[in-house]
Each structure stands twice: as structure tokens, then as C-alpha cells.
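**Q** This is the content of run_35.cif (mmCIF, C-alpha atoms and all ligand atoms):
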```cif
data_structure
loop_
_atom_site.label_atom_id
_atom_site.label_comp_id
_atom_site.auth_asym_id
_atom_site.auth_seq_id
_atom_site.Cartn_x
_atom_site.Cartn_y
_atom_site.Cartn_z
CA MET X 1 21.42 38.26 -30.32
CA SER X 2 24.75 37.45 -28.69
CA ILE X 3 23.50 39.04 -25.50
CA ASN X 4 22.94 35.67 -23.79
CA HIS X 5 26.62 34.77 -23.96
CA GLN X 6 27.65 37.63 -21.69
CA VAL X 7 27.93 37.47 -17.94
CA PRO X 8 24.84 39.31 -16.73
CA ILE X 9 25.27 42.42 -14.59
CA PHE X 10 22.44 41.21 -12.38
CA GLU X 11 21.34 37.61 -12.09
CA VAL X 12 18.40 37.07 -9.77
CA LYS X 13 16.97 33.62 -9.10
CA GLU X 14 13.79 32.79 -7.19
CA LEU X 15 14.13 35.83 -4.99
CA SER X 16 11.61 36.32 -2.22
CA PHE X 17 11.49 38.91 0.53
CA SER X 18 9.23 38.98 3.57
CA VAL X 19 9.11 41.33 6.53
CA ARG X 20 7.47 40.10 9.73
CA GLY X 21 5.59 37.40 7.86
CA GLN X 22 4.35 39.80 5.17
CA LYS X 23 5.40 38.76 1.68
CA ILE X 24 6.76 41.74 -0.27
CA LEU X 25 8.51 40.00 -3.18
CA SER X 26 7.76 36.49 -4.35
CA SER X 27 9.86 34.14 -6.56
CA ILE X 28 11.36 36.77 -8.84
CA SER X 29 13.92 35.71 -11.45
CA PHE X 30 15.59 37.82 -14.14
CA GLU X 31 18.89 38.81 -15.69
CA ILE X 32 20.03 42.26 -16.78
CA PHE X 33 22.83 42.49 -19.34
CA ASN X 34 25.40 45.12 -20.19
CA SER X 35 24.07 48.18 -22.07
CA GLU X 36 20.41 47.31 -21.58
CA TYR X 37 17.83 49.99 -20.76
CA VAL X 38 15.26 48.49 -18.40
CA ALA X 39 12.28 50.36 -17.01
CA ILE X 40 10.55 49.14 -13.86
CA ILE X 41 6.95 50.06 -13.18
CA GLY X 42 4.35 48.93 -10.66
CA PRO X 43 1.84 50.25 -8.15
CA ASN X 44 2.82 52.09 -4.95
CA GLY X 45 3.97 49.54 -2.40
CA GLY X 46 4.50 46.92 -5.13
CA GLY X 47 8.10 46.30 -4.02
CA LYS X 48 10.17 48.22 -6.60
CA THR X 49 12.38 50.07 -4.12
CA THR X 50 12.72 46.92 -2.03
CA LEU X 51 13.95 44.98 -5.07
CA ILE X 52 16.53 47.66 -5.84
CA ARG X 53 17.69 47.74 -2.21
CA ILE X 54 18.26 43.98 -2.41
CA LEU X 55 20.23 44.37 -5.67
CA LEU X 56 22.44 46.91 -3.88
CA GLY X 57 22.99 44.66 -0.87
CA LEU X 58 21.08 47.03 1.44
CA ASP X 59 18.46 44.39 2.27
CA LYS X 60 18.99 40.64 2.35
CA PRO X 61 16.63 38.38 0.40
CA THR X 62 14.61 35.93 2.50
CA THR X 63 15.18 33.21 -0.12
CA GLY X 64 16.83 33.06 -3.54
CA THR X 65 20.15 34.24 -4.92
CA VAL X 66 21.52 37.46 -6.38
CA LYS X 67 24.71 37.68 -8.44
CA LEU X 68 26.40 40.88 -9.57
CA PHE X 69 28.81 40.69 -12.51
CA GLY X 70 28.86 36.91 -12.02
CA LYS X 71 29.75 37.10 -8.31
CA LYS X 72 27.53 36.20 -5.38
CA ILE X 73 26.32 39.43 -3.83
CA GLN X 74 27.90 38.49 -0.47
CA GLU X 75 31.31 38.42 -2.18
CA PHE X 76 30.84 41.41 -4.48
CA LYS X 77 33.09 44.38 -3.72
CA LYS X 78 33.18 46.63 -6.77
CA TRP X 79 30.24 48.78 -5.74
CA HIS X 80 31.64 51.80 -7.60
CA LYS X 81 30.52 50.04 -10.81
CA ILE X 82 26.94 50.77 -9.76
CA GLY X 83 25.58 54.30 -9.59
CA TYR X 84 22.39 54.70 -7.56
CA VAL X 85 20.03 57.65 -7.30
CA PRO X 86 17.57 56.83 -4.49
CA GLN X 87 13.90 57.78 -4.40
CA ARG X 88 13.45 61.33 -3.00
CA ALA X 89 17.19 62.01 -3.35
CA SER X 90 16.48 65.47 -4.72
CA LEU X 91 14.44 66.58 -1.71
CA VAL X 92 17.45 67.89 0.19
CA ASP X 93 16.76 70.16 3.15
CA SER X 94 17.13 73.79 2.01
CA SER X 95 19.70 74.45 4.77
CA PHE X 96 21.89 71.47 3.85
CA PRO X 97 25.40 72.92 4.17
CA ALA X 98 27.06 71.67 0.98
CA THR X 99 27.84 73.09 -2.44
CA VAL X 100 27.07 71.31 -5.69
CA LEU X 101 30.78 70.46 -6.02
CA ASP X 102 30.81 68.96 -2.49
CA ILE X 103 27.90 66.71 -3.40
CA VAL X 104 29.38 65.51 -6.69
CA ASN X 105 32.76 64.92 -4.97
CA MET X 106 30.97 62.51 -2.61
CA GLY X 107 30.51 60.25 -5.62
CA ARG X 108 34.25 59.52 -5.51
CA THR X 109 34.52 58.46 -1.88
CA SER X 110 34.24 54.73 -2.57
CA GLN X 111 37.36 54.89 -4.78
CA ARG X 112 39.42 56.83 -2.22
CA LYS X 113 40.92 55.74 1.02
CA ILE X 114 39.15 57.48 3.86
CA PHE X 115 40.73 60.90 4.60
CA SER X 116 43.01 60.81 1.55
CA SER X 117 42.72 63.81 -0.74
CA MET X 118 41.27 63.91 -4.24
CA THR X 119 43.60 62.73 -7.00
CA LYS X 120 43.63 64.13 -10.54
CA GLU X 121 41.63 61.07 -11.60
CA ASP X 122 38.99 61.92 -8.99
CA ARG X 123 38.82 65.54 -10.16
CA ASP X 124 38.58 64.52 -13.82
CA ALA X 125 35.73 62.11 -13.06
CA VAL X 126 33.88 64.83 -11.14
CA ASP X 127 34.42 67.35 -13.97
CA ASP X 128 33.17 64.85 -16.56
CA ALA X 129 30.08 64.04 -14.52
CA MET X 130 29.25 67.74 -14.08
CA LYS X 131 29.74 68.39 -17.80
CA LYS X 132 27.47 65.49 -18.74
CA MET X 133 24.76 66.80 -16.46
CA ASP X 134 25.37 70.41 -17.54
CA ILE X 135 25.83 71.74 -14.01
CA CYS X 136 29.35 73.23 -14.20
CA ASP X 137 28.02 76.76 -13.75
CA LEU X 138 26.25 75.70 -10.54
CA LYS X 139 29.29 74.16 -8.86
CA ASP X 140 29.73 76.78 -6.09
CA LYS X 141 26.01 77.15 -5.30
CA MET X 142 24.57 75.74 -2.10
CA VAL X 143 22.56 72.69 -3.08
CA GLY X 144 19.62 73.78 -0.90
CA THR X 145 19.07 76.85 -3.08
CA LEU X 146 18.63 74.90 -6.33
CA SER X 147 15.41 74.04 -8.14
CA GLY X 148 14.07 70.48 -8.17
CA GLY X 149 15.33 69.82 -11.69
CA GLN X 150 18.79 71.20 -10.88
CA ARG X 151 19.01 69.06 -7.75
CA GLN X 152 18.02 66.03 -9.74
CA ARG X 153 20.91 66.63 -12.13
CA VAL X 154 23.31 67.11 -9.20
CA MET X 155 22.28 63.76 -7.67
CA ILE X 156 22.79 62.02 -11.00
CA ALA X 157 26.18 63.70 -11.45
CA ARG X 158 27.15 62.35 -8.04
CA ALA X 159 26.20 58.84 -9.17
CA LEU X 160 28.11 59.29 -12.47
CA ALA X 161 31.26 60.51 -10.68
CA SER X 162 32.18 56.93 -9.79
CA ARG X 163 32.17 56.18 -13.54
CA PRO X 164 29.58 53.44 -13.08
CA GLU X 165 28.76 50.79 -15.66
CA ILE X 166 25.17 50.77 -14.51
CA LEU X 167 22.93 53.55 -13.28
CA ILE X 168 19.87 52.76 -11.15
CA LEU X 169 17.36 55.55 -10.75
CA ASP X 170 14.40 55.22 -8.38
CA GLU X 171 11.69 57.63 -9.54
CA PRO X 172 13.91 60.67 -9.75
CA ASN X 173 11.28 62.99 -11.21
CA THR X 174 9.42 64.20 -8.15
CA GLY X 175 8.83 67.93 -8.47
CA VAL X 176 10.36 68.32 -11.91
CA ASP X 177 8.53 70.20 -14.69
CA ALA X 178 7.61 68.54 -18.00
CA HIS X 179 10.30 70.36 -20.00
CA SER X 180 13.12 69.34 -17.63
CA GLN X 181 11.77 65.80 -17.61
CA LYS X 182 11.95 65.59 -21.38
CA ASN X 183 15.58 66.78 -21.32
CA PHE X 184 16.24 64.28 -18.59
CA TYR X 185 14.85 61.34 -20.60
CA GLU X 186 16.96 62.40 -23.58
CA LEU X 187 19.98 62.48 -21.35
CA LEU X 188 19.33 58.97 -20.01
CA SER X 189 18.90 57.70 -23.52
CA ARG X 190 22.21 59.35 -24.52
CA LEU X 191 24.07 57.85 -21.53
CA ASN X 192 22.71 54.47 -22.58
CA LYS X 193 23.46 54.74 -26.32
CA GLU X 194 26.65 56.80 -26.40
CA GLU X 195 28.34 55.94 -23.10
CA ASN X 196 27.07 52.36 -23.08
CA ILE X 197 25.83 52.74 -19.49
CA THR X 198 23.26 50.15 -18.48
CA ILE X 199 20.16 51.87 -17.11
CA VAL X 200 17.56 50.59 -14.68
CA PHE X 201 14.90 53.24 -14.30
CA ILE X 202 11.96 53.01 -11.89
CA THR X 203 9.22 55.31 -13.08
CA HIS X 204 5.50 55.87 -13.27
CA ASP X 205 5.92 57.78 -16.51
CA ILE X 206 6.23 54.77 -18.77
CA GLY X 207 4.44 56.08 -21.86
CA VAL X 208 6.94 58.87 -22.40
CA ILE X 209 10.02 56.68 -22.44
CA ALA X 210 8.50 53.68 -24.22
CA ASP X 211 10.54 54.38 -27.35
CA ASP X 212 13.84 54.44 -25.46
CA ILE X 213 13.57 51.36 -23.29
CA GLY X 214 14.56 47.83 -24.25
CA ARG X 215 12.60 45.88 -21.65
CA LEU X 216 9.88 46.55 -19.13
CA PHE X 217 9.63 44.92 -15.71
CA THR X 218 6.34 45.20 -13.86
CA ILE X 219 6.75 44.54 -10.14
CA ASN X 220 3.79 43.88 -7.90
CA GLN X 221 5.09 41.30 -5.44
CA LYS X 222 5.73 39.12 -8.49
CA ALA X 223 7.46 40.24 -11.67
CA ILE X 224 6.21 40.27 -15.22
CA ILE X 225 8.98 40.84 -17.71
CA CYS X 226 8.15 42.15 -21.14
CA ASN X 227 10.87 41.90 -23.75
CA ASP X 228 8.95 44.11 -26.13
CA PRO X 229 7.60 47.10 -24.20
CA LYS X 230 5.59 48.41 -27.12
CA LYS X 231 3.55 45.22 -27.07
CA ALA X 232 3.38 45.45 -23.29
CA MET X 233 1.40 48.64 -23.60
CA SER X 234 -1.62 46.59 -24.59
CA CYS X 235 -0.72 43.50 -22.59
CA GLU X 236 -3.67 42.47 -20.48
CA ASP X 237 -1.55 40.67 -17.91
CA MET X 238 0.44 43.77 -17.29
CA SER X 239 -2.58 45.99 -16.88
CA LYS X 240 -4.08 43.59 -14.35
CA LEU X 241 -0.86 43.47 -12.42
CA TYR X 242 -0.37 47.20 -12.53
CA GLY X 243 -3.97 47.75 -11.52
CA ILE X 244 -4.79 50.26 -14.23
CA ASP X 245 -6.14 50.10 -17.74
CA ALA X 246 -3.28 49.45 -20.15
CA HIS X 247 -5.03 51.50 -22.83
CA LEU X 248 -4.60 54.54 -20.64
CA ILE X 249 -0.87 54.01 -20.72
CA HIS X 250 -1.02 53.62 -24.46
CA ASN X 251 -3.02 56.80 -25.02
CA HIS X 252 -0.84 58.72 -22.61
CA LYS X 253 2.11 57.99 -24.85
CA HIS X 254 0.49 59.57 -27.87
CA GLU X 255 -0.42 62.77 -26.04
CA HIS X 256 3.28 63.66 -25.81
N1 LIG S 301 12.12 47.12 5.96
C1 LIG S 301 10.79 47.10 5.83
N2 LIG S 301 9.99 46.92 6.90
C2 LIG S 301 8.65 46.88 6.77
N3 LIG S 301 8.01 47.00 5.60
C3 LIG S 301 8.74 47.19 4.50
C4 LIG S 301 10.17 47.25 4.55
N4 LIG S 301 10.62 47.45 3.29
C5 LIG S 301 9.52 47.51 2.51
N5 LIG S 301 8.40 47.36 3.23
C6 LIG S 301 7.03 47.30 2.69
O1 LIG S 301 7.14 46.67 1.45
C7 LIG S 301 6.17 47.14 0.54
C8 LIG S 301 6.86 47.55 -0.73
O2 LIG S 301 7.53 48.78 -0.53
P1 LIG S 301 8.41 49.47 -1.64
O3 LIG S 301 8.93 50.74 -1.07
O4 LIG S 301 9.43 48.50 -2.13
O5 LIG S 301 7.36 49.75 -2.79
P2 LIG S 301 7.51 50.61 -4.13
O6 LIG S 301 7.07 49.73 -5.24
O7 LIG S 301 8.87 51.18 -4.21
O8 LIG S 301 6.42 51.74 -3.92
P3 LIG S 301 6.40 53.28 -4.43
O9 LIG S 301 5.93 53.27 -5.85
O10 LIG S 301 5.41 53.91 -3.53
O11 LIG S 301 7.78 53.84 -4.24
C9 LIG S 301 5.43 48.25 1.25
O12 LIG S 301 4.23 47.72 1.74
C10 LIG S 301 6.38 48.63 2.39
O13 LIG S 301 5.67 49.13 3.47
MG MG S 302 9.61 53.07 -4.25
#
```
The structure given in the file should be rewritten as C-alpha cells.
Ligand SMILES: Nc1ncnc2c1ncn2[C@@H]1O[C@H](COP(=O)(O)OP(=O)(O)OP(=O)(O)O)[C@@H](O)[C@H]1O
Ligand SMILES: [Mg+2]
**A**
Amino acid sequence: MSINHQVPIFEVKELSFSVRGQKILSSISFEIFNSEYVAIIGPNGGGKTTLIRILLGLDKPTTGTVKLFGKKIQEFKKWHKIGYVPQRASLVDSSFPATVLDIVNMGRTSQRKIFSSMTKEDRDAVDDAMKKMDICDLKDKMVGTLSGGQRQRVMIARALASRPEILILDEPNTGVDAHSQKNFYELLSRLNKEENITIVFITHDIGVIADDIGRLFTINQKAIICNDPKKAMSCEDMSKLYGIDAHLIHNHKHEH
């Protein structure tokens, strides 16, 4: 594969993170390349969200280095290249005073000067994102009145509105029914294959997407990286790290 000749989107070396003497992440190294689909799994409290926050510059590593698109994270400025849907993003207060269009428009703010009005380019990007997520008919609804699955799509449309090259999703499925989830996984797979968007997807639902993903990262303070997720399903190391029986994951996959 020619993949190794590219500049990685993320390059993480010997990253560690501690809070008040408690080690949360320990000597983690990996690279993520353009148009990959990476799933991240791991037990609650294993450090997945913390790792993502470090990749986004929201937390500073205690030791180690992070590069984005070949640049040291301290010098990186093109944050609009990265779309991020945080954990619990869809649990908006039901009285939150914004329409769906307002929320998706927020995805353009990093490209605009503060207080300047939306350009045609901004409006086109917002329209495209809403089309991709199939929420055009919801645009004037108050976001607080939507269902969990609809809110999820709105939050992803907001992330897509910056026309990112990479989309990071932190367990976006809370409160979403099985049917909507399936549509959602198909959509992620389409964004990856057809739009060439790199996807980093934190999930507990690994069996269902095993056929879509390229690599699997298991994070539990340390990282285990599996380049062939289908083999990982029976990988003893992974099951130990994840703290559950890997065969359960395997069987789960075949129930769907
Ligand atoms: N800023 C912080 N201050 C104190 N503790 C923190 C901080 N950030 C993370 N932690 C701790 O780090 C550990 C990892 O948390 P993190 O949210 O990254 O786990 P996670 O893998 O995302 O878990 P989950 O699957 O429940 O979302 C937890 O024990 C958490 O309490
Ligand atoms: Mg988390």
C-alpha cells in the first residue's frame, strides 16, 4: 500500500496524560492516514474521550508529541479541516432556543470573521451538509423538539458544514433506535467511501460496523492497534484489555 508515503492526518508519539498524579493515557503511538476508517473501543473510563480531546488541542499531553497534517499541534491552525461530534452532543436541553438551521450554521463560524454575515459559500456548505444528513425538511424546527436520532443527524450536519477532511465522532448513538443506527452506520460508510472523509468513530457497538472499518484501536490507558479488525474479534489481547470476552463481540456481530 502507498499509504505510508502520505503525511498522516494524525501522528501521535509516546503520548501520556496524567491528572493529579493519576495516569490516564500511557505511551500511546499511532498514525491515522487520509481516507481511513478507524473505530476506537475500550471500557468506560479507559481514556477514549481524553485521547480525542488531546488530538483536538483541548487538553495538553503530559509527555509525547502530536502532529496534525504534519504540523506540531501547537502550530496547527486549520481546525476547520476537523469535524468533531462530542459525546452527549445530541442531549440538547429541550428549551434550547435555536432552530436546526441555526445549529448547522454554527459549523461555519470558524471560516468566518466574527460578526461578518454568511457568504454564498457558507450557505452552500450548510445546504450540502443538511442534504447529506437528510434534514432539509427539519431546518426551521426548534432543535429541542427533535427526536434523538434527528438531533444526532443535526449535530453531524453541523460538523460537516465546515467541509472537514476528517470527522471524529465520540459515541454519538445514545438514545437512538436500532433502525436509525443502521442508517447512520451506512451514512458514515458512504461519507468515508464516496466523499473520502477520514472517520474516527468511538463506539461500543463494534460488531455491527466491523465490516466497514479499516482499523480498530482499543484504548484502556494503553493502546492496542489492530490492522485487521476481523481478526481482532477473536484476539485474546484485545479481549483482556477490553475486559470482556471477545467471543461475545464476535457473536454479537452475527446476530445482526
Ligand atoms: N480533566 C480531567 N480531570 C480529572 N480526571 C479526568 C480528566 N479527564 C479525564 N479524566 C479521567 O480520565 C479517565 C478517562 O476518562 P475518559 O472520559 O477519557 O474515558 P472514556 O474512555 O471516554 O470513557 P466512556 O466510555 O465512559 O466515555 C476517567 O477516569 C476520568 O475520570
Ligand atoms: Mg468517553
**Q** As an exercise, work out the distance from CA of Ile199 in chain X to CA of Val38 in chain X in Å and give it to one decimal place.
**A**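 So the answer is 6.1 Å.
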**Q** Between CA of Lys77 in chain X and CA of Ser110 in chain X, what is the spacing in Å?
**A**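 Atom-to-atom, CA of Ser110 in chain X and CA of Lys77 in chain X are spaced 10.5 Å apart.
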**Q** Counting all atoms listed in the file, which residue out of X:Asn44, X:Ser29, X:Ser147, X:Thr63 sits closest to ligand MG 302 (chain S)?
**A**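 Ranked by minimum distance to ligand MG 302 (chain S), first place goes to X:Asn44.
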**Q** Which of these residues is nearest to ligand LIG 301 (chain S), using only C-alpha atoms and all ligand atoms: X:Leu169, X:Cys226, X:Ala129, X:Val143?
**A**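 Answer, going by the shortest atom-to-atom distance: X:Leu169.
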**Q** Compile a residue-level contact table for chain X against ligand MG 302 (chain S) at a cut-off of 10 Å, reporting for every qualifying residue the shortest atom pair and its distance in Å to one decimal, with only C-alpha atoms and all ligand atoms counted, rows ordered by chain and ascending number, as a Markdown table.
**A**
```
| residue | atom | partner | partner_atom | distance |
| --- | --- | --- | --- | --- |
| X:Ile41 | CA | S:MG302 | MG | 9.8 |
| X:Gly42 | CA | S:MG302 | MG | 9.3 |
| X:Pro43 | CA | S:MG302 | MG | 9.1 |
| X:Asn44 | CA | S:MG302 | MG | 6.9 |
| X:Gly45 | CA | S:MG302 | MG | 6.9 |
| X:Gly46 | CA | S:MG302 | MG | 8.0 |
| X:Gly47 | CA | S:MG302 | MG | 6.9 |
| X:Lys48 | CA | S:MG302 | MG | 5.4 |
| X:Thr49 | CA | S:MG302 | MG | 4.1 |
| X:Thr50 | CA | S:MG302 | MG | 7.2 |
| X:Leu51 | CA | S:MG302 | MG | 9.2 |
| X:Ile52 | CA | S:MG302 | MG | 8.9 |
| X:Arg53 | CA | S:MG302 | MG | 9.9 |
| X:Pro86 | CA | S:MG302 | MG | 8.8 |
| X:Gln87 | CA | S:MG302 | MG | 6.4 |
| X:Arg88 | CA | S:MG302 | MG | 9.2 |
| X:Asp170 | CA | S:MG302 | MG | 6.7 |
| X:Glu171 | CA | S:MG302 | MG | 7.3 |
| X:Ile202 | CA | S:MG302 | MG | 8.0 |
| X:Thr203 | CA | S:MG302 | MG | 9.1 |
```
**Q** Taking all atoms listed in the file into account, which of X:Asp140, X:Asp122, X:Asp59, X:Asp127 comes nearest ligand LIG 301 (chain S)?
**A** X:Asp59
**Q** Under the rule that only C-alpha atoms are counted, which of X:Thr99, X:Ser189, X:Asn183, X:Ser35 is the nearest residue to Gly144 in chain X?
**A**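 Looking at the shortest contact to Gly144 in chain X, the residue is X:Thr99.
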**Q** Please output range 21-48 of chain X, rebuilt to include N, CA and C atoms, as a compact mmCIF listing (two decimals), in the coordinates of the input.
**A**
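Output file selection.txt follows:
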```
# COMPACT_ATOMS: atom_id res chain seq x y z
N GLY X 21 6.62 38.28 8.39
CA GLY X 21 5.59 37.40 7.86
C GLY X 21 4.82 37.96 6.67
N GLN X 22 5.04 39.24 6.33
CA GLN X 22 4.35 39.80 5.17
C GLN X 22 5.22 39.64 3.92
N LYS X 23 4.64 38.99 2.91
CA LYS X 23 5.40 38.76 1.68
C LYS X 23 5.43 40.05 0.85
N ILE X 24 6.63 40.51 0.52
CA ILE X 24 6.76 41.74 -0.27
C ILE X 24 7.17 41.41 -1.69
N LEU X 25 8.11 40.46 -1.85
CA LEU X 25 8.51 40.00 -3.18
C LEU X 25 8.45 38.48 -3.19
N SER X 26 8.02 37.92 -4.31
CA SER X 26 7.76 36.49 -4.35
C SER X 26 8.32 35.86 -5.63
N SER X 27 9.18 34.90 -5.48
CA SER X 27 9.86 34.14 -6.56
C SER X 27 10.10 34.95 -7.83
N ILE X 28 11.00 35.92 -7.71
CA ILE X 28 11.36 36.77 -8.84
C ILE X 28 12.68 36.30 -9.43
N SER X 29 12.69 36.11 -10.75
CA SER X 29 13.92 35.71 -11.45
C SER X 29 14.09 36.59 -12.69
N PHE X 30 15.29 37.08 -12.89
CA PHE X 30 15.59 37.82 -14.14
C PHE X 30 17.10 38.00 -14.25
N GLU X 31 17.50 38.41 -15.46
CA GLU X 31 18.89 38.81 -15.69
C GLU X 31 18.87 40.17 -16.35
N ILE X 32 19.87 40.99 -16.06
CA ILE X 32 20.03 42.26 -16.78
C ILE X 32 21.45 42.27 -17.34
N PHE X 33 21.54 42.57 -18.66
CA PHE X 33 22.83 42.49 -19.34
C PHE X 33 23.39 43.88 -19.61
N ASN X 34 24.69 43.88 -19.87
CA ASN X 34 25.40 45.12 -20.19
C ASN X 34 24.72 45.90 -21.32
N SER X 35 24.62 47.20 -21.13
CA SER X 35 24.07 48.18 -22.07
C SER X 35 22.56 48.04 -22.35
N GLU X 36 21.87 47.32 -21.50
CA GLU X 36 20.41 47.31 -21.58
C GLU X 36 19.83 48.60 -20.99
N TYR X 37 18.60 48.91 -21.39
CA TYR X 37 17.83 49.99 -20.76
C TYR X 37 16.52 49.35 -20.29
N VAL X 38 16.42 49.16 -18.98
CA VAL X 38 15.26 48.49 -18.40
C VAL X 38 14.44 49.50 -17.61
N ALA X 39 13.15 49.53 -17.84
CA ALA X 39 12.28 50.36 -17.01
C ALA X 39 11.51 49.45 -16.07
N ILE X 40 11.33 49.91 -14.84
CA ILE X 40 10.55 49.14 -13.86
C ILE X 40 9.34 49.98 -13.45
N ILE X 41 8.17 49.38 -13.60
CA ILE X 41 6.95 50.06 -13.18
C ILE X 41 6.22 49.18 -12.17
N GLY X 42 5.15 49.70 -11.61
CA GLY X 42 4.35 48.93 -10.66
C GLY X 42 3.66 49.87 -9.70
N PRO X 43 2.61 49.38 -9.04
CA PRO X 43 1.84 50.25 -8.15
C PRO X 43 2.64 50.65 -6.90
N ASN X 44 2.20 51.69 -6.22
CA ASN X 44 2.82 52.09 -4.95
C ASN X 44 2.79 50.90 -4.00
N GLY X 45 3.90 50.66 -3.34
CA GLY X 45 3.97 49.54 -2.40
C GLY X 45 4.18 48.19 -3.07
N GLY X 46 4.35 48.18 -4.39
CA GLY X 46 4.50 46.92 -5.13
C GLY X 46 5.83 46.22 -4.89
N GLY X 47 6.82 46.94 -4.36
CA GLY X 47 8.10 46.30 -4.02
C GLY X 47 9.27 46.72 -4.88
N LYS X 48 9.10 47.79 -5.69
CA LYS X 48 10.17 48.22 -6.60
C LYS X 48 11.42 48.66 -5.84
```
